[in-house]
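Student: Dropping in protein.pdb, which is PDB, C-alpha atoms:
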ATOM      1  CA  MET S 284     -57.586 148.083  95.787  1.00  0.00           C
ATOM      2  CA  ALA S 285     -55.332 145.586  97.505  1.00  0.00           C
ATOM      3  CA  THR S 286     -51.749 146.600  98.165  1.00  0.00           C
ATOM      4  CA  GLN S 287     -48.801 144.405  97.246  1.00  0.00           C
ATOM      5  CA  TYR S 288     -48.466 143.463 100.933  1.00  0.00           C
ATOM      6  CA  GLN S 289     -52.118 142.423 101.110  1.00  0.00           C
ATOM      7  CA  ARG S 290     -51.779 140.308  97.946  1.00  0.00           C
ATOM      8  CA  ASN S 291     -48.726 138.583  99.366  1.00  0.00           C
ATOM      9  CA  GLN S 292     -50.593 137.827 102.579  1.00  0.00           C
ATOM     10  CA  GLY S 293     -53.443 136.197 100.680  1.00  0.00           C
ATOM     11  CA  TRP S 294     -55.904 139.021 101.220  1.00  0.00           C
ATOM     12  CA  THR S 295     -58.250 139.678  98.368  1.00  0.00           C
ATOM     13  CA  ASP S 296     -60.442 142.461  97.129  1.00  0.00           C
ATOM     14  CA  ARG S 297     -63.924 141.066  97.847  1.00  0.00           C
ATOM     15  CA  SER S 298     -65.670 143.416  95.407  1.00  0.00           C
ATOM     16  CA  ARG S 299     -63.801 141.827  92.496  1.00  0.00           C
ATOM     17  CA  GLN S 300     -64.641 138.284  93.597  1.00  0.00           C
ATOM     18  CA  ASP S 301     -68.370 138.853  94.005  1.00  0.00           C
ATOM     19  CA  ALA S 302     -68.944 140.284  90.536  1.00  0.00           C
ATOM     20  CA  PRO S 303     -70.320 137.729  88.079  1.00  0.00           C
ATOM     21  CA  ARG S 304     -67.878 136.938  85.311  1.00  0.00           C
ATOM     22  CA  ILE S 305     -69.191 137.499  81.807  1.00  0.00           C
ATOM     23  CA  THR S 306     -68.154 134.968  79.192  1.00  0.00           C
ATOM     24  CA  ILE S 307     -68.605 134.942  75.440  1.00  0.00           C
ATOM     25  CA  SER S 308     -69.583 132.126  73.116  1.00  0.00           C
ATOM     26  CA  VAL S 309     -67.900 132.313  69.712  1.00  0.00           C
ATOM     27  CA  ALA S 310     -69.260 129.127  68.120  1.00  0.00           C
ATOM     28  CA  ASP S 311     -71.641 131.103  65.906  1.00  0.00           C
ATOM     29  CA  VAL S 312     -68.872 133.309  64.478  1.00  0.00           C
ATOM     30  CA  GLN S 313     -67.952 131.337  61.357  1.00  0.00           C
ATOM     31  CA  LEU S 314     -66.084 132.714  58.356  1.00  0.00           C
ATOM     32  CA  LYS S 315     -66.418 129.710  56.036  1.00  0.00           C
ATOM     33  CA  ASN S 316     -70.122 128.813  56.097  1.00  0.00           C
ATOM     34  CA  ILE S 317     -71.317 132.281  56.935  1.00  0.00           C
ATOM     35  CA  PRO S 318     -74.589 132.428  58.855  1.00  0.00           C
ATOM     36  CA  ALA S 319     -77.080 134.862  57.316  1.00  0.00           C
ATOM     37  CA  THR S 320     -77.052 136.953  60.498  1.00  0.00           C
ATOM     38  CA  LEU S 321     -73.257 137.098  61.004  1.00  0.00           C
ATOM     39  CA  PHE S 322     -72.980 140.798  60.174  1.00  0.00           C
ATOM     40  CA  SER S 323     -76.213 141.766  61.932  1.00  0.00           C
ATOM     41  CA  ASP S 324     -77.590 139.839  64.908  1.00  0.00           C
ATOM     42  CA  ILE S 325     -74.438 137.899  65.747  1.00  0.00           C
ATOM     43  CA  ALA S 326     -72.176 140.972  65.505  1.00  0.00           C
ATOM     44  CA  GLN S 327     -74.646 142.949  67.633  1.00  0.00           C
ATOM     45  CA  ASP S 328     -74.798 140.221  70.274  1.00  0.00           C
ATOM     46  CA  LYS S 329     -70.989 140.007  70.469  1.00  0.00           C
ATOM     47  CA  ALA S 330     -70.694 143.800  70.708  1.00  0.00           C
ATOM     48  CA  ARG S 331     -73.197 143.853  73.560  1.00  0.00           C
ATOM     49  CA  THR S 332     -71.377 141.072  75.412  1.00  0.00           C
ATOM     50  CA  VAL S 333     -67.926 142.645  75.004  1.00  0.00           C
ATOM     51  CA  HIS S 334     -69.276 146.029  76.096  1.00  0.00           C
ATOM     52  CA  GLU S 335     -70.874 144.576  79.237  1.00  0.00           C
ATOM     53  CA  ALA S 336     -67.745 142.586  80.060  1.00  0.00           C
ATOM     54  CA  GLY S 337     -65.522 145.669  79.862  1.00  0.00           C
ATOM     55  CA  GLU S 338     -67.476 147.429  82.626  1.00  0.00           C
ATOM     56  CA  GLY S 339     -66.424 150.816  81.251  1.00  0.00           C
ATOM     57  CA  LYS S 340     -62.811 150.249  82.316  1.00  0.00           C
ATOM     58  CA  LYS S 341     -61.618 147.943  79.568  1.00  0.00           C
ATOM     59  CA  ASN S 342     -62.587 147.463  75.930  1.00  0.00           C
ATOM     60  CA  LYS S 343     -62.636 151.164  75.147  1.00  0.00           C
ATOM     61  CA  SER S 344     -63.691 151.755  71.552  1.00  0.00           C
ATOM     62  CA  THR S 345     -60.407 153.488  70.728  1.00  0.00           C
ATOM     63  CA  GLN S 346     -58.476 150.387  71.824  1.00  0.00           C
ATOM     64  CA  LEU S 347     -60.741 148.028  69.868  1.00  0.00           C
ATOM     65  CA  ARG S 348     -60.525 150.349  66.880  1.00  0.00           C
ATOM     66  CA  ARG S 349     -56.758 149.769  66.765  1.00  0.00           C
ATOM     67  CA  PHE S 350     -57.335 146.063  66.192  1.00  0.00           C
ATOM     68  CA  TYR S 351     -59.946 146.783  63.545  1.00  0.00           C
ATOM     69  CA  ASP S 352     -57.680 149.314  61.814  1.00  0.00           C
ATOM     70  CA  GLU S 353     -54.802 146.864  61.623  1.00  0.00           C
ATOM     71  CA  LEU S 354     -57.075 144.157  60.229  1.00  0.00           C
ATOM     72  CA  VAL S 355     -58.305 146.633  57.582  1.00  0.00           C
ATOM     73  CA  MET S 356     -54.708 147.532  56.734  1.00  0.00           C
ATOM     74  CA  TRP S 357     -53.856 143.865  56.021  1.00  0.00           C
ATOM     75  CA  TYR S 358     -57.096 143.441  54.089  1.00  0.00           C
ATOM     76  CA  GLU S 359     -56.276 146.434  51.882  1.00  0.00           C
ATOM     77  CA  ARG S 360     -52.775 145.149  51.186  1.00  0.00           C
ATOM     78  CA  VAL S 361     -54.236 141.878  49.933  1.00  0.00           C
ATOM     79  CA  GLN S 362     -57.125 143.469  48.008  1.00  0.00           C
ATOM     80  CA  PHE S 363     -54.796 145.922  46.280  1.00  0.00           C
ATOM     81  CA  GLU S 364     -53.650 143.104  44.004  1.00  0.00           C
ATOM     82  CA  ARG S 365     -55.493 142.896  40.681  1.00  0.00           C
ATOM     83  CA  THR S 366     -56.081 139.217  40.034  1.00  0.00           C
ATOM     84  CA  PRO S 367     -57.279 136.457  42.359  1.00  0.00           C
ATOM     85  CA  ALA S 368     -53.936 134.684  41.903  1.00  0.00           C
ATOM     86  CA  GLU S 369     -52.023 137.801  42.923  1.00  0.00           C
ATOM     87  CA  ARG S 370     -54.340 138.318  45.907  1.00  0.00           C
ATOM     88  CA  SER S 371     -53.779 134.728  46.957  1.00  0.00           C
ATOM     89  CA  ALA S 372     -50.004 135.117  46.688  1.00  0.00           C
ATOM     90  CA  LYS S 373     -50.127 138.379  48.650  1.00  0.00           C
ATOM     91  CA  TYR S 374     -52.279 136.750  51.323  1.00  0.00           C
ATOM     92  CA  GLU S 375     -49.721 133.949  51.736  1.00  0.00           C
ATOM     93  CA  GLU S 376     -47.015 136.590  52.124  1.00  0.00           C
ATOM     94  CA  VAL S 377     -48.821 138.534  54.870  1.00  0.00           C
ATOM     95  CA  ALA S 378     -50.608 135.641  56.628  1.00  0.00           C
ATOM     96  CA  PRO S 379     -48.054 135.379  59.479  1.00  0.00           C
ATOM     97  CA  PHE S 380     -48.526 139.068  60.255  1.00  0.00           C
ATOM     98  CA  ILE S 381     -52.297 138.688  60.260  1.00  0.00           C
ATOM     99  CA  GLN S 382     -52.011 135.743  62.650  1.00  0.00           C
ATOM    100  CA  MET S 383     -49.750 137.858  64.858  1.00  0.00           C
ATOM    101  CA  LEU S 384     -52.857 139.871  65.744  1.00  0.00           C
ATOM    102  CA  VAL S 385     -53.727 137.007  68.126  1.00  0.00           C
ATOM    103  CA  ALA S 386     -50.549 137.740  70.078  1.00  0.00           C
ATOM    104  CA  LYS S 387     -51.267 141.464  70.032  1.00  0.00           C
ATOM    105  CA  ALA S 388     -54.717 140.845  71.513  1.00  0.00           C
ATOM    106  CA  ALA S 389     -53.171 138.651  74.217  1.00  0.00           C
ATOM    107  CA  TYR S 390     -50.665 141.412  74.995  1.00  0.00           C
ATOM    108  CA  ALA S 391     -53.454 143.992  75.223  1.00  0.00           C
ATOM    109  CA  LYS S 392     -55.314 141.694  77.615  1.00  0.00           C
ATOM    110  CA  GLY S 393     -52.168 141.318  79.711  1.00  0.00           C
ATOM    111  CA  ARG S 394     -51.937 145.106  79.917  1.00  0.00           C
ATOM    112  CA  ASP S 395     -55.635 145.302  80.944  1.00  0.00           C
ATOM    113  CA  HIS S 396     -56.587 147.255  77.827  1.00  0.00           C
ATOM    114  CA  VAL S 397     -59.062 144.591  76.729  1.00  0.00           C
ATOM    115  CA  ASP S 398     -60.748 141.802  78.636  1.00  0.00           C
ATOM    116  CA  GLU S 399     -60.977 138.069  78.082  1.00  0.00           C
ATOM    117  CA  CYS S 400     -64.218 138.329  76.075  1.00  0.00           C
ATOM    118  CA  PHE S 401     -62.702 140.552  73.407  1.00  0.00           C
ATOM    119  CA  GLU S 402     -59.479 138.559  73.294  1.00  0.00           C
ATOM    120  CA  THR S 403     -61.442 135.314  72.864  1.00  0.00           C
ATOM    121  CA  LEU S 404     -63.646 136.744  70.135  1.00  0.00           C
ATOM    122  CA  PHE S 405     -60.829 138.420  68.220  1.00  0.00           C
ATOM    123  CA  ALA S 406     -58.475 135.432  68.453  1.00  0.00           C
ATOM    124  CA  HIS S 407     -61.269 133.116  67.274  1.00  0.00           C
ATOM    125  CA  LEU S 408     -61.900 135.411  64.317  1.00  0.00           C
ATOM    126  CA  ILE S 409     -58.232 135.742  63.326  1.00  0.00           C
ATOM    127  CA  ARG S 410     -57.529 132.015  63.632  1.00  0.00           C
ATOM    128  CA  GLN S 411     -60.258 131.333  61.060  1.00  0.00           C
ATOM    129  CA  ILE S 412     -58.594 133.492  58.412  1.00  0.00           C
ATOM    130  CA  SER S 413     -57.074 131.153  55.850  1.00  0.00           C
ATOM    131  CA  ASP S 414     -57.331 133.007  52.532  1.00  0.00           C
ATOM    132  CA  ALA S 415     -58.254 136.344  50.984  1.00  0.00           C
ATOM    133  CA  ASP S 416     -61.986 135.599  51.166  1.00  0.00           C
ATOM    134  CA  SER S 417     -61.986 134.710  54.866  1.00  0.00           C
ATOM    135  CA  LEU S 418     -59.878 137.833  55.500  1.00  0.00           C
ATOM    136  CA  ARG S 419     -62.626 139.870  53.810  1.00  0.00           C
ATOM    137  CA  HIS S 420     -65.299 138.192  55.940  1.00  0.00           C
ATOM    138  CA  ALA S 421     -63.312 138.837  59.136  1.00  0.00           C
ATOM    139  CA  LYS S 422     -62.942 142.498  58.184  1.00  0.00           C
ATOM    140  CA  LEU S 423     -66.674 142.796  57.494  1.00  0.00           C
ATOM    141  CA  PHE S 424     -67.535 141.131  60.808  1.00  0.00           C
ATOM    142  CA  MET S 425     -65.266 143.504  62.720  1.00  0.00           C
ATOM    143  CA  GLU S 426     -66.754 146.445  60.820  1.00  0.00           C
ATOM    144  CA  ALA S 427     -70.259 145.425  61.895  1.00  0.00           C
ATOM    145  CA  PHE S 428     -69.044 144.636  65.428  1.00  0.00           C
ATOM    146  CA  MET S 429     -67.432 148.083  65.771  1.00  0.00           C
ATOM    147  CA  GLY S 430     -70.601 149.816  64.585  1.00  0.00           C
ATOM    148  CA  PHE S 431     -72.720 147.987  67.126  1.00  0.00           C
ATOM    149  CA  TYR S 432     -70.080 148.469  69.824  1.00  0.00           C
ATOM    150  CA  LYS S 433     -70.054 152.223  69.310  1.00  0.00           C
ATOM    151  CA  ALA S 434     -73.861 152.239  69.560  1.00  0.00           C
ATOM    152  CA  GLN S 435     -73.591 150.398  72.909  1.00  0.00           C
ATOM    153  CA  GLU S 436     -71.468 153.217  74.313  1.00  0.00           C
ATOM    154  CA  LYS S 437     -74.241 155.753  73.802  1.00  0.00           C
TER     155      LYS S 437
END
Represent the structure of the file as structure tokens.

Tutor:
Amino acid sequence: MATQYQRNQGWTDRSRQDAPRITISVADVQLKNIPATLFSDIAQDKARTVHEAGEGKKNKSTQLRRFYDELVMWYERVQFERTPAERSAKYEEVAPFIQMLVAKAAYAKGRDHVDECFETLFAHLIRQISDADSLRHAKLFMEAFMGFYKAQEK
């Protein structure tokens, strides 16, 4: 690993430069017009990509589980309401906190707990949440994603 002096002198760690950078496409992750394979093939593909991008150093399942758990917590707060009108009102109340998950993912990336692939995927998912139904779909996608991700670790 390069020392601070080496970084200041423009020296680089060649092993980090030569590694191919894995990217993720999130165009197929849609919460409004849900593709039939969103919770199966698409979730599995995204889990595989995020796992490969983490290289065993980032994107640990316990870290990703924290994001999933918080999303579930917000989902449960909204779903606790009895009527659709009450759920809608509750969603409007908690929507800013749900959207704050984008910032939390960016912070985790800045701390090297997650990589760019997970941050991109999770932020794309959260930004699509606009009502109680899309919150439910986001939660279900992350549930499927986490199941496939855990299987990738084995």

Student: For the PyMOL selection byres ((chain S and resi 358) around 12), applied here, can you spell out every residue it catches as a PyMOL selection string?

Tutor: chain S and resi 351-357+359-364+370-371+373-374+377-378+380-381+412+414-423+425

Student: For Asp328 in chain S, work out the shell of residues within 12 Å, counting all atoms listed in the file and skipping chain neighbours fewer than 3 positions away, then give it as a PyMOL selection string.

Tutor: chain S and resi 307-309+311-312+320-325+331-335+404+424+427-432+435

Student: Return the single residue from S:Val385, S:Thr345, S:Ala434, S:Ala330 that is closest to Thr403 in chain S, with distances computed using only C-alpha atoms.

Tutor: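 Ranked by minimum distance to Thr403 in chain S, first place goes to S:Val385.
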
Student: Might you pull out every residue within 9 Å of Asp395 in chain S, with only C-alpha atoms counted and same-chain residues fewer than 3 positions away left off, and present them as a list in words?

Tutor: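 In the requested format, the answer is Lys340, Lys341, Asn342, Tyr390, Ala391, Lys392 and Asp398 of chain S.
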
Student: For Arg304 in chain S, which residue out of S:Pro318, S:Arg394, S:Ala386, S:Cys400 is the nearest one, using all atoms listed in the file?

Tutor: S:Cys400

Student: Out of S:Leu347, S:Asn316, S:Thr366, S:Ala388, which residue has the shortest atom-to-atom distance to Gln411 in chain S when counting only C-alpha atoms?

Tutor: S:Asn316

Student: Can you work out which one of S:Leu408, S:Ile317, S:Val397, S:Ala372 has the shortest atom-to-atom distance to Leu384 in chain S, counting all atoms listed in the file?

Tutor: S:Leu408
